[in-house]
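Below is the file query-v2.cif, which contains mmCIF, C-alpha atoms.
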data_query
loop_
_atom_site.label_atom_id
_atom_site.label_comp_id
_atom_site.auth_asym_id
_atom_site.auth_seq_id
_atom_site.Cartn_x
_atom_site.Cartn_y
_atom_site.Cartn_z
CA MET A 1 -12.61 5.65 -1.14
CA ALA A 2 -13.87 8.17 -3.66
CA ARG A 3 -12.94 10.73 -1.07
CA LEU A 4 -9.73 11.92 -2.65
CA GLU A 5 -7.94 12.09 0.70
CA ARG A 6 -8.17 8.29 0.88
CA TYR A 7 -6.16 7.82 -2.31
CA SER A 8 -2.40 7.60 -2.56
CA GLU A 9 -0.78 10.87 -3.55
CA GLU A 10 -0.01 9.49 -7.01
CA ALA A 11 -3.57 8.30 -7.62
CA ARG A 12 -4.99 11.55 -6.26
CA SER A 13 -2.73 13.55 -8.51
CA HIS A 14 -3.76 11.49 -11.53
CA LEU A 15 -7.47 11.96 -10.78
CA MET A 16 -7.10 15.69 -10.26
CA LYS A 17 -5.31 16.07 -13.58
CA LEU A 18 -8.12 14.43 -15.55
CA PRO A 19 -9.63 17.09 -17.79
CA CYS A 20 -13.17 18.17 -16.90
CA PRO A 21 -15.36 20.11 -19.32
CA THR A 22 -16.68 23.45 -18.11
CA PHE A 23 -19.91 25.15 -19.12
CA ASP A 24 -21.06 28.77 -18.98
CA SER A 25 -24.44 27.76 -17.59
CA THR A 26 -26.35 24.69 -16.48
CA PRO A 27 -29.51 23.73 -18.38
CA PHE A 28 -32.26 22.59 -16.04
CA THR A 29 -35.26 20.67 -17.36
CA LYS A 30 -38.18 20.20 -15.01
CA PRO A 31 -39.33 16.57 -14.91
CA PRO A 32 -42.81 15.37 -13.89
CA PRO A 33 -43.37 14.16 -10.30
CA LEU A 34 -41.50 10.95 -9.36
CA LYS A 35 -44.68 8.86 -9.58
CA GLU A 36 -44.95 9.79 -13.26
CA LEU A 37 -41.33 9.13 -14.21
CA ARG A 38 -40.45 6.90 -17.11
CA LEU A 39 -36.76 6.48 -16.41
CA ALA A 40 -33.75 5.36 -18.44
CA LEU A 41 -30.48 4.29 -16.87
CA VAL A 42 -27.28 5.49 -18.54
CA SER A 43 -24.01 4.04 -17.28
CA THR A 44 -20.43 4.82 -18.23
CA ALA A 45 -19.18 1.43 -16.99
CA GLY A 46 -18.64 -0.06 -20.44
CA LEU A 47 -21.44 -2.60 -19.94
CA HIS A 48 -23.09 -4.48 -22.79
CA PRO A 49 -24.93 -7.71 -23.50
CA ARG A 50 -22.66 -10.72 -23.78
CA GLY A 51 -21.63 -11.15 -27.40
CA ASP A 52 -22.13 -7.48 -28.38
CA ARG A 53 -19.03 -5.75 -29.66
CA PRO A 54 -16.79 -4.86 -26.72
CA PHE A 55 -15.66 -1.31 -26.00
CA GLY A 56 -12.20 -0.37 -27.19
CA MET A 57 -9.81 2.52 -26.75
CA GLY A 58 -11.43 5.84 -27.67
CA ASP A 59 -14.95 4.52 -28.23
CA VAL A 60 -17.52 7.31 -27.92
CA ASP A 61 -20.64 5.42 -28.92
CA TYR A 62 -23.00 3.46 -26.71
CA ARG A 63 -24.45 -0.02 -26.33
CA LEU A 64 -28.11 -0.92 -25.85
CA ILE A 65 -29.20 -2.85 -22.80
CA PRO A 66 -32.77 -4.15 -23.22
CA ARG A 67 -34.89 -3.62 -20.11
CA ASN A 68 -35.25 -7.29 -19.21
CA THR A 69 -31.64 -8.32 -19.80
CA PRO A 70 -30.72 -10.94 -17.15
CA ALA A 71 -27.66 -10.11 -15.05
CA ASN A 72 -25.75 -13.05 -16.50
CA GLU A 73 -26.16 -11.61 -19.99
CA LEU A 74 -24.30 -8.39 -19.13
CA VAL A 75 -20.52 -8.05 -19.24
CA MET A 76 -18.14 -5.12 -18.81
CA SER A 77 -15.37 -4.34 -21.31
CA HIS A 78 -14.28 -0.94 -19.97
CA ILE A 79 -10.57 -0.51 -20.72
CA SER A 80 -9.50 0.99 -17.39
CA THR A 81 -7.92 -1.24 -14.74
CA ASN A 82 -8.10 1.54 -12.16
CA PHE A 83 -11.50 0.92 -10.61
CA ASP A 84 -12.88 -1.96 -8.61
CA ARG A 85 -14.71 -4.73 -10.46
CA THR A 86 -15.08 -7.14 -7.54
CA GLY A 87 -18.28 -5.44 -6.34
CA TYR A 88 -19.81 -5.72 -9.81
CA GLN A 89 -18.69 -9.35 -10.00
CA GLN A 90 -20.59 -10.10 -6.80
CA ASP A 91 -23.70 -8.07 -7.63
CA LEU A 92 -24.57 -6.17 -10.82
CA ASN A 93 -26.72 -3.74 -8.81
CA VAL A 94 -23.68 -2.09 -7.23
CA VAL A 95 -22.97 -0.62 -10.69
CA PHE A 96 -26.21 -0.94 -12.64
CA PRO A 97 -29.19 -1.09 -10.25
CA LEU A 98 -31.78 -2.75 -12.49
CA ASP A 99 -33.27 -4.83 -9.67
CA ARG A 100 -33.58 -1.81 -7.39
CA LEU A 101 -35.26 0.23 -10.14
CA ASN A 102 -37.71 -2.58 -10.89
CA GLU A 103 -38.59 -2.65 -7.18
CA LEU A 104 -39.34 1.08 -7.25
CA VAL A 105 -41.68 0.53 -10.20
CA GLN A 106 -43.42 -2.34 -8.40
CA GLN A 107 -43.85 -0.13 -5.32
CA GLY A 108 -45.33 2.65 -7.45
CA LYS A 109 -42.59 5.13 -6.54
CA ILE A 110 -41.83 5.68 -10.23
CA GLU A 111 -44.10 4.82 -13.12
CA SER A 112 -41.98 2.74 -15.47
CA LEU A 113 -38.60 2.00 -16.96
CA ALA A 114 -37.37 2.56 -20.48
CA GLU A 115 -37.56 -0.16 -23.08
CA TYR A 116 -33.77 0.18 -23.35
CA HIS A 117 -31.04 1.34 -21.02
CA TYR A 118 -27.66 2.49 -22.33
CA SER A 119 -23.97 2.26 -21.57
CA PHE A 120 -21.00 4.32 -22.65
CA MET A 121 -17.39 3.83 -21.65
CA GLY A 122 -16.25 6.64 -19.41
CA ALA A 123 -12.57 6.68 -20.33
CA THR A 124 -13.23 9.19 -23.11
CA GLU A 125 -13.68 12.95 -23.19
CA PRO A 126 -17.39 13.66 -22.67
CA GLU A 127 -17.36 16.31 -25.40
CA LYS A 128 -16.93 13.53 -27.95
CA MET A 129 -20.07 11.82 -26.67
CA GLU A 130 -22.30 14.85 -27.31
CA PRO A 131 -23.41 13.79 -30.83
CA ALA A 132 -24.37 10.35 -29.53
CA ILE A 133 -26.37 11.97 -26.69
CA ALA A 134 -28.29 14.11 -29.19
CA THR A 135 -29.26 11.01 -31.19
CA LEU A 136 -30.04 9.07 -28.07
CA SER A 137 -32.25 11.82 -26.68
CA ALA A 138 -34.44 11.70 -29.79
CA VAL A 139 -34.82 7.94 -29.38
CA MET A 140 -35.63 8.34 -25.69
CA LYS A 141 -38.35 10.89 -26.37
CA LYS A 142 -40.05 8.44 -28.73
CA ASP A 143 -39.91 5.89 -25.89
CA GLY A 144 -41.63 8.41 -23.60
CA ILE A 145 -38.59 8.86 -21.36
CA ASN A 146 -38.85 11.93 -19.14
CA ALA A 147 -35.80 11.46 -16.91
CA VAL A 148 -32.38 9.81 -17.00
CA LEU A 149 -30.30 8.46 -14.14
CA LEU A 150 -26.60 8.81 -14.97
CA VAL A 151 -24.26 6.43 -13.19
CA PRO A 152 -20.46 6.63 -13.40
CA VAL A 153 -18.09 3.85 -12.45
CA MET B 1 -20.42 11.85 -16.24
CA GLY B 2 -21.44 15.42 -15.41
CA GLY B 3 -20.90 16.49 -19.00
CA LEU B 4 -23.49 13.98 -20.15
CA GLY B 5 -25.97 15.60 -17.77
CA HIS B 6 -25.49 18.92 -19.56
CA TYR B 7 -25.95 17.32 -22.98
CA PHE B 8 -29.14 15.46 -22.06
CA GLU B 9 -30.67 18.53 -20.45
CA GLU B 10 -29.85 20.63 -23.51
CA GLN B 11 -32.08 18.11 -25.32
CA GLU B 12 -34.75 18.77 -22.63
CA ILE B 13 -34.43 15.45 -20.84
CA ALA B 14 -34.14 15.84 -17.06
CA THR B 15 -31.22 14.09 -15.38
CA THR B 16 -29.98 13.14 -11.98
CA GLN B 17 -26.67 11.45 -11.39
CA ILE B 18 -24.30 9.79 -9.00
CA SER B 19 -21.01 11.64 -8.46
CA LEU B 20 -17.96 9.66 -7.36
CA ILE B 21 -15.39 12.45 -7.42
CA ARG B 22 -16.88 15.54 -5.87
CA GLU B 23 -14.09 17.83 -7.11
CA HIS B 24 -14.90 16.94 -10.74
CA THR B 25 -18.61 17.54 -10.21
CA GLU B 26 -17.94 20.92 -8.60
CA THR B 27 -16.11 21.93 -11.78
CA ILE B 28 -18.59 20.51 -14.30
CA LYS B 29 -21.74 21.68 -12.46
CA PRO B 30 -24.26 19.16 -13.84
CA PRO B 31 -27.95 19.90 -13.17
CA ARG B 32 -28.41 17.42 -10.29
CA ALA B 33 -25.81 15.21 -8.65
CA LEU B 34 -25.58 13.10 -5.51
CA TRP B 35 -22.00 12.74 -4.35
CA VAL B 36 -21.34 9.39 -2.70
CA PRO B 37 -18.20 8.64 -0.62
CA PHE B 38 -17.75 5.21 -2.21
CA GLU B 39 -14.80 3.88 -4.12
CA LEU B 40 -14.50 3.95 -7.89
CA GLY B 41 -16.35 0.93 -9.30
CA ARG B 42 -19.03 0.85 -6.60
CA PRO B 43 -21.41 3.78 -7.22
CA PHE B 44 -24.17 2.12 -5.16
CA GLY B 45 -21.87 1.35 -2.25
CA VAL B 46 -21.78 -2.37 -1.59
CA PRO B 47 -22.79 -5.59 -3.31
CA ASN B 48 -25.68 -7.68 -1.98
CA ASP B 49 -27.15 -5.01 0.28
CA SER B 50 -30.39 -4.08 -1.42
CA GLU B 51 -31.54 -1.78 1.37
CA PHE B 52 -28.39 0.33 1.19
CA GLN B 53 -28.44 0.41 -2.62
CA ARG B 54 -32.10 1.46 -2.58
CA SER B 55 -31.30 4.30 -0.20
CA VAL B 56 -28.61 5.63 -2.55
CA LEU B 57 -30.97 5.30 -5.52
CA GLU B 58 -33.84 7.10 -3.78
CA HIS B 59 -31.57 9.93 -2.68
CA ALA B 60 -30.45 10.39 -6.31
CA LEU B 61 -34.02 10.32 -7.65
CA ASP B 62 -35.25 12.73 -4.98
CA LEU B 63 -33.00 15.39 -6.54
CA LEU B 64 -35.40 15.42 -9.51
CA GLU B 65 -37.89 17.21 -7.23
CA ARG B 66 -35.59 20.18 -6.56
CA PRO B 67 -37.02 23.39 -8.07
CA SER B 68 -33.74 24.77 -9.41
CA GLY B 69 -30.13 23.87 -9.96
CA PRO B 70 -27.34 23.03 -10.24
CA VAL B 71 -27.77 20.76 -7.24
CA LEU B 72 -24.88 18.90 -5.63
CA GLU B 73 -25.77 17.05 -2.45
CA ASP B 74 -23.80 14.58 -0.34
CA PHE B 75 -25.07 11.11 0.49
CA PRO B 76 -24.97 11.00 4.30
CA GLU B 77 -23.64 7.47 4.90
CA GLU B 78 -20.40 5.62 4.28
CA ALA B 79 -20.51 2.21 2.59
CA PRO B 80 -21.20 -0.43 5.28
CA ASP B 81 -17.93 -2.30 4.74
CA LEU B 82 -15.74 0.80 4.77
CA GLU B 83 -15.15 0.75 8.50
CA LYS B 84 -13.39 -2.59 8.28
CA SER B 85 -9.67 -2.72 7.52
CA PRO B 86 -8.57 -4.89 4.62
CA VAL B 87 -8.03 -8.46 5.75
CA GLN B 88 -5.87 -11.25 4.45
CA VAL B 89 -7.67 -13.58 2.07
CA VAL B 90 -6.90 -17.09 3.26
CA CYS B 91 -7.47 -19.28 0.26
CA PRO B 92 -7.51 -23.03 0.95
CA VAL B 93 -6.20 -23.54 -2.56
CA GLN B 94 -2.42 -23.83 -2.29
CA PHE B 95 -0.60 -21.13 -4.26
CA GLN B 96 2.85 -21.78 -2.81
CA SER B 97 5.29 -20.69 -5.47
CA ARG B 98 7.44 -23.39 -6.98
CA SER B 99 8.86 -21.05 -9.54
CA ASN B 100 11.83 -18.81 -9.13
CA LYS B 101 13.87 -16.61 -11.37
CA GLU B 102 16.49 -19.27 -12.06
CA GLU B 103 13.89 -21.68 -13.37
CA GLY B 104 12.53 -19.10 -15.74
CA GLY B 105 9.13 -18.49 -17.23
CA SER B 106 8.14 -22.05 -18.06
CA ARG B 107 7.80 -23.02 -14.40
CA LEU B 108 5.78 -19.88 -13.76
CA MET B 109 3.40 -20.86 -16.54
CA GLU B 110 3.08 -24.37 -15.09
CA ASP B 111 2.20 -22.87 -11.71
CA PHE B 112 -0.26 -20.51 -13.38
CA ASN B 113 -2.07 -23.32 -15.18
CA ALA B 114 -2.13 -25.45 -12.03
CA GLU B 115 -3.59 -22.53 -10.10
CA ILE B 116 -6.41 -22.12 -12.63
CA LEU B 117 -7.29 -25.79 -12.24
CA GLN B 118 -7.25 -25.54 -8.45
CA LEU B 119 -9.73 -22.66 -8.53
CA ARG B 120 -12.10 -24.34 -10.94
CA ASN B 121 -14.39 -25.93 -8.31
CA TRP B 122 -14.83 -22.57 -6.63
CA TYR B 123 -15.49 -20.77 -9.89
CA GLU B 124 -18.17 -23.34 -10.74
CA ARG B 125 -19.61 -22.96 -7.25
CA ALA B 126 -19.80 -19.19 -7.75
CA LEU B 127 -21.54 -19.69 -11.09
CA LYS B 128 -24.11 -22.02 -9.55
CA THR B 129 -24.73 -19.84 -6.49
CA ARG B 130 -25.00 -16.52 -8.34
CA ASN B 131 -26.41 -17.92 -11.58
CA ARG B 132 -24.05 -15.49 -13.22
CA THR B 133 -20.48 -14.95 -14.38
CA THR B 134 -18.81 -11.77 -15.56
CA THR B 135 -16.19 -13.67 -17.56
CA GLY B 136 -16.58 -13.83 -21.32
CA ILE B 137 -15.70 -10.44 -22.81
CA SER B 138 -12.83 -12.00 -24.78
CA GLY B 139 -15.09 -14.72 -26.19
CA LEU B 140 -12.53 -17.24 -24.92
CA SER B 141 -12.90 -19.97 -22.33
CA THR B 142 -10.64 -19.67 -19.29
CA ALA B 143 -8.33 -22.32 -20.75
CA GLU B 144 -8.20 -20.48 -24.08
CA ALA B 145 -7.50 -17.16 -22.35
CA ALA B 146 -4.63 -18.80 -20.41
CA GLU B 147 -3.34 -20.28 -23.66
CA LEU B 148 -3.34 -16.87 -25.34
CA VAL B 149 -1.45 -15.39 -22.39
CA SER B 150 1.09 -18.24 -22.59
CA ARG B 151 1.64 -17.61 -26.28
CA PHE B 152 2.35 -13.96 -25.49
CA ILE B 153 4.75 -14.80 -22.67
CA GLU B 154 6.80 -17.37 -24.58
CA ASP B 155 9.43 -15.85 -26.87
CA GLU B 156 8.93 -18.55 -29.51
CA THR B 157 5.21 -17.93 -30.00
CA ARG B 158 5.02 -14.18 -29.36
CA GLU B 159 6.40 -13.10 -32.72
CA ALA B 160 3.52 -14.56 -34.72
CA LEU B 161 1.04 -13.13 -32.22
CA MET B 162 2.54 -9.65 -32.49
CA ALA B 163 1.59 -9.53 -36.16
CA GLU B 164 -2.12 -9.76 -35.32
CA GLU B 165 -3.96 -6.47 -35.66
CA ASP B 166 -6.29 -6.73 -32.66
CA LEU B 167 -3.67 -8.10 -30.30
CA VAL B 168 -3.93 -5.36 -27.66
CA ASP B 169 -7.68 -5.79 -27.23
CA ARG B 170 -7.45 -9.58 -27.26
CA ILE B 171 -4.77 -9.66 -24.58
CA ARG B 172 -6.49 -7.03 -22.47
CA MET B 173 -9.82 -8.85 -22.53
CA ALA B 174 -8.23 -12.25 -21.90
CA CYS B 175 -6.57 -10.79 -18.79
CA GLU B 176 -9.85 -9.24 -17.62
CA ASP B 177 -11.57 -12.60 -18.04
CA LEU B 178 -8.84 -14.37 -16.09
CA LYS B 179 -9.05 -11.84 -13.27
CA ALA B 180 -12.84 -12.20 -13.16
CA TYR B 181 -12.44 -16.00 -12.97
CA TYR B 182 -10.09 -15.67 -9.98
CA PHE B 183 -12.16 -13.08 -8.12
CA GLU B 184 -15.43 -14.93 -8.66
CA ALA B 185 -13.81 -18.18 -7.52
CA VAL B 186 -12.22 -16.87 -4.34
CA SER B 187 -15.24 -14.84 -3.30
CA ALA B 188 -17.36 -18.01 -3.48
CA GLN B 189 -15.32 -19.58 -0.69
CA PRO B 190 -16.99 -19.36 2.74
CA GLY B 191 -15.84 -16.59 5.01
CA GLN B 192 -13.84 -14.63 2.46
CA PRO B 193 -13.89 -10.83 2.61
CA THR B 194 -15.86 -9.04 -0.09
CA ASP B 195 -14.16 -5.66 0.01
CA SER B 196 -12.13 -4.60 -2.97
CA GLU B 197 -8.86 -3.92 -1.18
CA SER B 198 -8.60 -7.36 0.46
CA LEU B 199 -9.44 -9.08 -2.82
CA ALA B 200 -7.06 -6.95 -4.87
CA ASN B 201 -4.23 -7.45 -2.39
CA TRP B 202 -4.81 -11.20 -2.56
CA PHE B 203 -4.80 -11.37 -6.36
CA TRP B 204 -1.91 -9.02 -7.02
CA GLY B 205 0.14 -10.13 -4.02
CA GLN B 206 -0.37 -13.86 -3.88
CA THR B 207 -1.31 -15.42 -7.19
CA HIS B 208 0.79 -16.72 -10.04
CA ALA B 209 -1.70 -15.16 -12.42
CA ALA B 210 -0.67 -11.71 -11.21
CA ARG B 211 3.00 -12.56 -11.74
CA VAL B 212 2.18 -13.70 -15.27
CA ILE B 213 0.32 -10.46 -15.99
CA HIS B 214 3.23 -8.51 -14.60
CA GLU B 215 5.62 -10.44 -16.87
CA MET B 216 3.39 -9.45 -19.80
CA ARG B 217 3.57 -5.86 -18.67
CA LYS B 218 7.36 -5.97 -18.72
CA ILE B 219 7.36 -7.47 -22.21
CA CYS B 220 5.00 -4.72 -23.40
CA LEU B 221 7.08 -1.92 -21.91
CA ASN B 222 10.23 -3.31 -23.54
CA ASP B 223 8.64 -3.92 -26.94
CA PRO B 224 10.94 -2.17 -29.45
CA THR B 225 8.08 -1.68 -31.94
CA GLY B 226 5.96 0.19 -29.38
CA LYS B 227 2.89 -1.67 -30.63
CA VAL B 228 1.95 -2.95 -27.18
CA ALA B 229 3.47 -0.15 -25.09
CA LEU B 230 0.08 1.29 -24.11
CA LEU B 231 -1.13 -2.15 -23.09
CA GLY B 232 1.78 -2.44 -20.69
CA LYS B 233 1.62 1.09 -19.44
CA LEU B 234 -2.10 1.36 -18.71
CA LEU B 235 -4.19 -1.70 -19.37
CA LEU B 236 -2.79 -4.63 -17.41
CA VAL B 237 -1.84 -3.78 -13.81
CA PRO B 238 -3.80 -1.23 -11.75
CA ARG B 239 -1.86 1.80 -10.61
CA THR B 240 -2.60 0.99 -6.97
CA GLN B 241 -1.01 -2.47 -7.20
CA LEU B 242 2.25 -1.72 -9.01
CA HIS B 243 4.02 -1.64 -5.63
CA GLN B 244 3.56 -5.42 -5.38
CA PHE B 245 6.22 -5.82 -8.07
CA LYS B 246 8.72 -3.16 -7.12
CA ASN B 247 11.43 -5.75 -6.37
CA GLU B 248 11.01 -7.66 -9.63
#
Can you present the structure in this file as structure tokens?
Amino acid sequence: MARLERYSEEARSHLMKLPCPTFDSTPFTKPPPLKELRLALVSTAGLHPRGDRPFGMGDVDYRLIPRNTPANELVMSHISTNFDRTGYQQDLNVVFPLDRLNELVQQGKIESLAEYHYSFMGATEPEKMEPAIATLSAVMKKDGINAVLLVPV
Amino acid sequence: MGGLGHYFEEQEIATTQISLIREHTETIKPPRALWVPFELGRPFGVPNDSEFQRSVLEHALDLLERPSGPVLEDFPEEAPDLEKSPVQVVCPVQFQSRSNKEEGGSRLMEDFNAEILQLRNWYERALKTRNRTTTGISGLSTAEAAELVSRFIEDETREALMAEEDLVDRIRMACEDLKAYYFEAVSAQPGQPTDSESLANWFWGQTHAARVIHEMRKICLNDPTGKVALLGKLLLVPRTQLHQFKNE
């Protein structure tokens, strides 16, 4: 379905008109081998612990998701109605694969997971999130994070 | 999403990412991205298929071992339920409409409230089976969310509500909670499809709740103050389901 040819012409046109930032070059940081990864998950699904302040129009900050947050304690307040939520309602891992990541740690394929994961709301220009990313990166380094998995919705 | 990859890597934190819209990723050129052919809202493909989800995850993490970038690779499989056509959700709860245009909005609201009650056993079943609900972003119970929606629909109570500063967010989140209640309830029934299109077609095509939300949309679009115009235009009915109401 995220093949654009499967969308209606109107939906396809809307998606193609969404502004995308461009960059002169692509920075490329070499991580350690997978077995030594301490990984943080960063979602743009507008997820947060139940009771935390919900996302609203234009929000460019992020919410903390403690590593051991049970699935029932996470909710999604993303403002867009134009993506499927029924998969997420049936299984958090289709959007935010905490169980799958924990399994990889248990199997020794990666070393560990961050103390906190993070969620933004993707309905905002990414340029406006850059200051938050700079702050977040400093926090992550103190937590020993050496790689981030970014997951859109 | 790709922009965030640039910003993290500028801070010397390596990233890999899922890409849902390949054309966007080709433009943004993030350091490492795995394009997946799944629909928006399902970046790991399908619910309740841990093996498939793990495969997507491992493909994305494997990109961290590439020596140089930018890297944009395609995940080689479709989501397992994609081959199936959308099917009709046959809900044993009776949603036969008693309301019509002549009887006006009050009958629609009666049908809406009756529908919520009829789905309650299935919602509670879903909660027990999954040990989880995604309702609750509004901070309201389902009954309270329905009550807020009713106050917005009814001319007599809407005026006071319109004066409230956070009205747009409250209505939006109440509607999201109501939709989550319906989807969780119906997907708990045995034999129901789990794909998004079948479920969306059921909700937006067959339920009174959808008609109520559409009525709210019309009110928002006709609001002379413009205060709730954006709510009506963007935040209530998905673009792909507006066709369900083209004759109303």
Query raised in the report: Between CA of Lys233 in chain B and CA of Val212 in chain B, what is the spacing in Å?
Result: 15.4 Å
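Take the candidates A:Pro66, A:Gly58, A:Pro31, A:Pro19 and check each one against chain B using all atoms listed in the file; the shortest distance goes to A:Pro31.
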Requested in this report: Determine, counting all atoms listed in the file, which protein, DNA and RNA residues have an atom within 8 Å of an atom of Leu64 in chain A; residues of the same chain fewer than 5 positions away are not included. Present the result as JSON, numbers by chain.
Outcome: {"A": [48, 49, 116, 117, 118, 119]}
Report task. Considering all atoms listed in the file, return as a PyMOL selection string whatever protein or nucleic-acid residues lie within 12 Å of range 238-242 of chain B, sequence-local ones (same chain, fewer than 2 positions apart) excluded. Result -> (chain A and resi 7-15+79-85) or (chain B and resi 176+179+196-206+210-211+213-214+217-218+231-236+244-248)
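Considering the residues A:Arg100, A:Val139, A:Gly46, A:Glu115 and counting only C-alpha atoms, chain B has its shortest atom-to-atom contact with A:Arg100.
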**Report entry** Residues within 9 Å of (-24.5, 6.4, 5.0), file coords, all atoms listed in the file, listed as a count of residues only
**Finding:** 11
Requested in this report: Give me the residues within 12 Å of Asp99 in chain A as an MDAnalysis selection string, counting all atoms listed in the file and dropping any in the same chain fewer than 5 places off.
Outcome: (chainID A and resid 41 67:71 91:94 104:106 113) or (chainID B and resid 48:51 53:54 57)
Requested in this report: Given the file shown, determine the residues that the PyMOL selection byres ((chain B and resi 190) around 12) selects; report them as a PyMOL selection string.
Outcome: chain B and resi 89-92+122+125-126+185-189+191-194
Query - Point-to-point distance from CA of Leu161 in chain B to CA of Leu140 in chain B, Å rounded to tenths - result: 15.9 Å
Query raised in the report: If we count only C-alpha atoms, what is near Phe23 in chain A at a cut-off of 12 Å, once residues fewer than 5 positions away on the same chain are taken out, given as a PyMOL selection string?
Result: (chain A and resi 127) or (chain B and resi 2-7+10+25-31+70)
Query raised in the report: Using all atoms listed in the file, what residues lie at most 10 Å away from (-23.0, -8.8, -19.7) (file coordinates), given as JSON, numbers by chain?
Result: {"A": [46, 47, 48, 49, 50, 51, 52, 65, 69, 70, 71, 72, 73, 74, 75, 76, 77, 92], "B": [132, 133, 134, 135, 136, 137]}
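Among the candidate residues A:Asp143, A:Glu130, A:Asp24, A:Glu36, the one lying nearest to Val60 in chain A is A:Glu130, with distances computed using all atoms listed in the file.
Checking B:Val46, B:Ile116, B:Ala33, B:Ala174 one by one against chain A, counting all atoms listed in the file, you find the shortest gap at B:Val46.
A straight line drawn from CA of Met162 in chain B to CA of Leu117 in chain B is 27.7 Å long.
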Report task. Would you mind listing what lies within 6 Å of Ala14 in chain B as an NGL selection string, with all atoms listed in the file counted and same-chain residues fewer than 4 positions away left out? Result -> (:A and (29 or 31 or 147)) or (:B and (9))
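Closest approach to chain A among B:Asn222, B:Thr129, B:Gln118, B:Asn113 is made by B:Thr129 (distances from only C-alpha atoms).
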Query - Minimum-distance residue to chain A, chosen among B:Ala146, B:Arg130, B:Glu110, B:Ala229 (using only C-alpha atoms) - result: B:Arg130
Query raised in the report: Written as a ChimeraX atom specification, which residues does the PyMOL selection byres ((chain A and resi 42) around 9) give for the file shown?
Result: /A:40-41,43-44,96,117-120,148-152
